[in-house]
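Dropping query14.pdb in here (PDB, C-alpha atoms):
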ATOM      1  CA  MET A   1      48.196 -14.951 185.828  1.00  0.00           C
ATOM      2  CA  PHE A   2      47.128 -15.020 189.476  1.00  0.00           C
ATOM      3  CA  PRO A   3      49.221 -18.090 190.503  1.00  0.00           C
ATOM      4  CA  GLU A   4      52.295 -16.539 188.874  1.00  0.00           C
ATOM      5  CA  LEU A   5      51.736 -13.330 190.819  1.00  0.00           C
ATOM      6  CA  ILE A   6      51.499 -15.222 194.110  1.00  0.00           C
ATOM      7  CA  SER A   7      54.657 -17.156 193.236  1.00  0.00           C
ATOM      8  CA  THR A   8      56.499 -13.909 192.488  1.00  0.00           C
ATOM      9  CA  HIS A   9      55.343 -12.393 195.787  1.00  0.00           C
ATOM     10  CA  VAL A  10      56.469 -15.440 197.764  1.00  0.00           C
ATOM     11  CA  GLN A  11      59.882 -15.355 196.073  1.00  0.00           C
ATOM     12  CA  GLN A  12      60.216 -11.633 196.865  1.00  0.00           C
ATOM     13  CA  ALA A  13      59.258 -12.274 200.494  1.00  0.00           C
ATOM     14  CA  LYS A  14      61.762 -15.136 200.867  1.00  0.00           C
ATOM     15  CA  ALA A  15      64.587 -13.078 199.352  1.00  0.00           C
ATOM     16  CA  THR A  16      63.737 -10.117 201.570  1.00  0.00           C
ATOM     17  CA  GLU A  17      63.510 -12.327 204.655  1.00  0.00           C
ATOM     18  CA  ALA A  18      66.958 -13.809 203.893  1.00  0.00           C
ATOM     19  CA  MET A  19      68.427 -10.309 203.540  1.00  0.00           C
ATOM     20  CA  LEU A  20      66.825  -9.188 206.804  1.00  0.00           C
ATOM     21  CA  ASN A  21      68.084 -12.301 208.622  1.00  0.00           C
ATOM     22  CA  GLN A  22      71.643 -11.559 207.450  1.00  0.00           C
ATOM     23  CA  LYS A  23      71.336  -8.141 209.075  1.00  0.00           C
ATOM     24  CA  GLY A  24      70.116  -9.641 212.366  1.00  0.00           C
ATOM     25  CA  CYS A  25      66.487  -8.680 211.863  1.00  0.00           C
ATOM     26  CA  TRP A  26      63.958 -11.491 212.291  1.00  0.00           C
ATOM     27  CA  VAL A  27      60.608 -11.734 210.522  1.00  0.00           C
ATOM     28  CA  THR A  28      57.862 -12.454 213.058  1.00  0.00           C
ATOM     29  CA  VAL A  29      54.821 -12.450 210.734  1.00  0.00           C
ATOM     30  CA  PHE A  30      54.326 -12.874 206.985  1.00  0.00           C
ATOM     31  CA  ARG A  31      51.080 -11.870 205.280  1.00  0.00           C
ATOM     32  CA  GLN A  32      50.156 -11.874 201.624  1.00  0.00           C
ATOM     33  CA  SER A  33      48.048  -8.904 200.566  1.00  0.00           C
ATOM     34  CA  ARG A  34      46.542  -8.358 197.136  1.00  0.00           C
ATOM     35  CA  THR A  35      49.241  -5.931 196.080  1.00  0.00           C
ATOM     36  CA  ARG A  36      52.438  -7.086 197.804  1.00  0.00           C
ATOM     37  CA  PRO A  37      53.832  -9.228 200.632  1.00  0.00           C
ATOM     38  CA  VAL A  38      53.910  -7.780 204.147  1.00  0.00           C
ATOM     39  CA  LEU A  39      56.693  -8.767 206.532  1.00  0.00           C
ATOM     40  CA  GLU A  40      56.475  -7.785 210.191  1.00  0.00           C
ATOM     41  CA  VAL A  41      59.902  -7.642 211.823  1.00  0.00           C
ATOM     42  CA  SER A  42      61.198  -7.504 215.372  1.00  0.00           C
ATOM     43  CA  CYS A  43      63.476  -4.545 214.669  1.00  0.00           C
ATOM     44  CA  PRO A  44      64.339  -2.880 211.365  1.00  0.00           C
ATOM     45  CA  PRO A  45      67.780  -2.671 209.785  1.00  0.00           C
ATOM     46  CA  ALA A  46      69.300   0.802 209.787  1.00  0.00           C
ATOM     47  CA  GLU A  47      68.870   1.143 206.004  1.00  0.00           C
ATOM     48  CA  LEU A  48      65.080   1.247 206.345  1.00  0.00           C
ATOM     49  CA  LEU A  49      64.831   3.837 209.116  1.00  0.00           C
ATOM     50  CA  ASN A  50      65.188   6.858 206.818  1.00  0.00           C
ATOM     51  CA  SER A  51      62.548   5.639 204.359  1.00  0.00           C
ATOM     52  CA  ALA A  52      59.963   4.590 206.957  1.00  0.00           C
ATOM     53  CA  VAL A  53      56.558   6.200 207.332  1.00  0.00           C
ATOM     54  CA  ARG A  54      54.828   6.380 210.710  1.00  0.00           C
ATOM     55  CA  ILE A  55      51.235   5.180 211.000  1.00  0.00           C
ATOM     56  CA  VAL A  56      49.252   5.546 214.221  1.00  0.00           C
ATOM     57  CA  GLU A  57      46.868   2.732 215.144  1.00  0.00           C
ATOM     58  CA  ARG A  58      44.062   3.803 217.460  1.00  0.00           C
ATOM     59  CA  ASN A  59      41.422   1.871 219.371  1.00  0.00           C
ATOM     60  CA  ASN A  60      39.379   2.341 222.559  1.00  0.00           C
ATOM     61  CA  SER A  61      42.320   1.539 224.834  1.00  0.00           C
ATOM     62  CA  GLY A  62      44.793   3.981 223.239  1.00  0.00           C
ATOM     63  CA  SER A  63      47.135   4.291 220.304  1.00  0.00           C
ATOM     64  CA  ARG A  64      50.484   2.967 219.124  1.00  0.00           C
ATOM     65  CA  SER A  65      52.897   3.746 216.326  1.00  0.00           C
ATOM     66  CA  VAL A  66      53.574   1.403 213.447  1.00  0.00           C
ATOM     67  CA  TRP A  67      56.435   2.086 211.054  1.00  0.00           C
ATOM     68  CA  VAL A  68      56.238   1.001 207.397  1.00  0.00           C
ATOM     69  CA  ALA A  69      58.933   0.874 204.735  1.00  0.00           C
ATOM     70  CA  SER A  70      59.138  -0.689 201.277  1.00  0.00           C
ATOM     71  CA  PHE A  71      62.005  -2.871 200.159  1.00  0.00           C
ATOM     72  CA  ASN A  72      62.417  -5.376 197.317  1.00  0.00           C
ATOM     73  CA  GLY A  73      58.718  -5.238 196.446  1.00  0.00           C
ATOM     74  CA  CYS A  74      57.638  -5.964 200.042  1.00  0.00           C
ATOM     75  CA  ARG A  75      56.145  -3.864 202.815  1.00  0.00           C
ATOM     76  CA  ILE A  76      58.146  -4.160 206.024  1.00  0.00           C
ATOM     77  CA  ILE A  77      56.464  -3.096 209.252  1.00  0.00           C
ATOM     78  CA  TRP A  78      57.517  -2.866 212.882  1.00  0.00           C
ATOM     79  CA  ARG A  79      55.948  -1.565 216.067  1.00  0.00           C
TER      80      ARG A  79
END
Could you write out this structure as structure tokens?
Amino acid sequence: MFPELISTHVQQAKATEAMLNQKGCWVTVFRQSRTRPVLEVSCPPAELLNSAVRIVERNNSGSRSVWVASFNGCRIIWR
């Protein structure tokens, strides 16, 4: 079961990356989590802006916003 799940996640990520590339949005990082693929993009397509959730990352030197949206079974993030 586990190899099939990984294969499904990779296929979802490739399809999502192709769709994002067609819209002029480039994937800079791909990570596989336990639940779903995570694609970090340079800039999001307009369709994802309304469904995005803001997350604030904090550390000793300050904070920054990270935006997260779901599409095609993948998490798409941008900073």
Pull out every residue that the PyMOL selection byres ((chain A and resi 6) around 10) matches in the shown coordinates and put them as number ranges by chain.
-> A: 1-5, 7-12, 32-37
Looking at all atoms listed in the file, which of A:Ala52, A:Asn60, A:Pro45, A:Leu39 is the one that sits closest to Lys23 in chain A?
->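 For Lys23 in chain A, the nearest of the candidates is A:Pro45.
Residue nearest Ala13 in chain A, chosen from A:Ser63, A:Ser70, A:Ser42, A:Asn50 and counting only C-alpha atoms: A:Ser70.
Minimum atom-to-atom distances from A:Ile76, A:Leu49, A:Val56, A:Val66 to Leu20 in chain A were compared using all atoms listed in the file, and the lowest value belongs to A:Ile76.
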Target residues per the PyMOL selection byres ((chain A and resi 24) around 12), formatted as a ChimeraX atom specification = /A:17-23,25-27,41-46
Expected residue set, 7 Å radius at (57.0, 0.4, 211.0), all atoms listed in the file, as a PyMOL selection string | chain A and resi 52-54+66-69+76-79
Record the distance separating CA of Val29 in chain A and CA of Asn59 in chain A, expressed in Å with one decimal.
-> 21.4 Å
Distance of CA of Glu57 in chain A from CA of Lys14 in chain A, expressed in Å to one decimal place =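 Atom-to-atom, CA of Lys14 in chain A to CA of Glu57 in chain A, that is 27.3 Å.
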Would you mind reading off the distance between CA of Asn72 in chain A and CA of Glu47 in chain A, one decimal, in Å?
->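 Going from CA of Asn72 in chain A over to CA of Glu47 in chain A covers 12.6 Å.
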Val38 in chain A environment, 6 Å, only C-alpha atoms, sequence neighbours closer than 2 positions dropped, as a list in words | Phe30, Arg31, Cys74, Arg75 and Ile76 of chain A
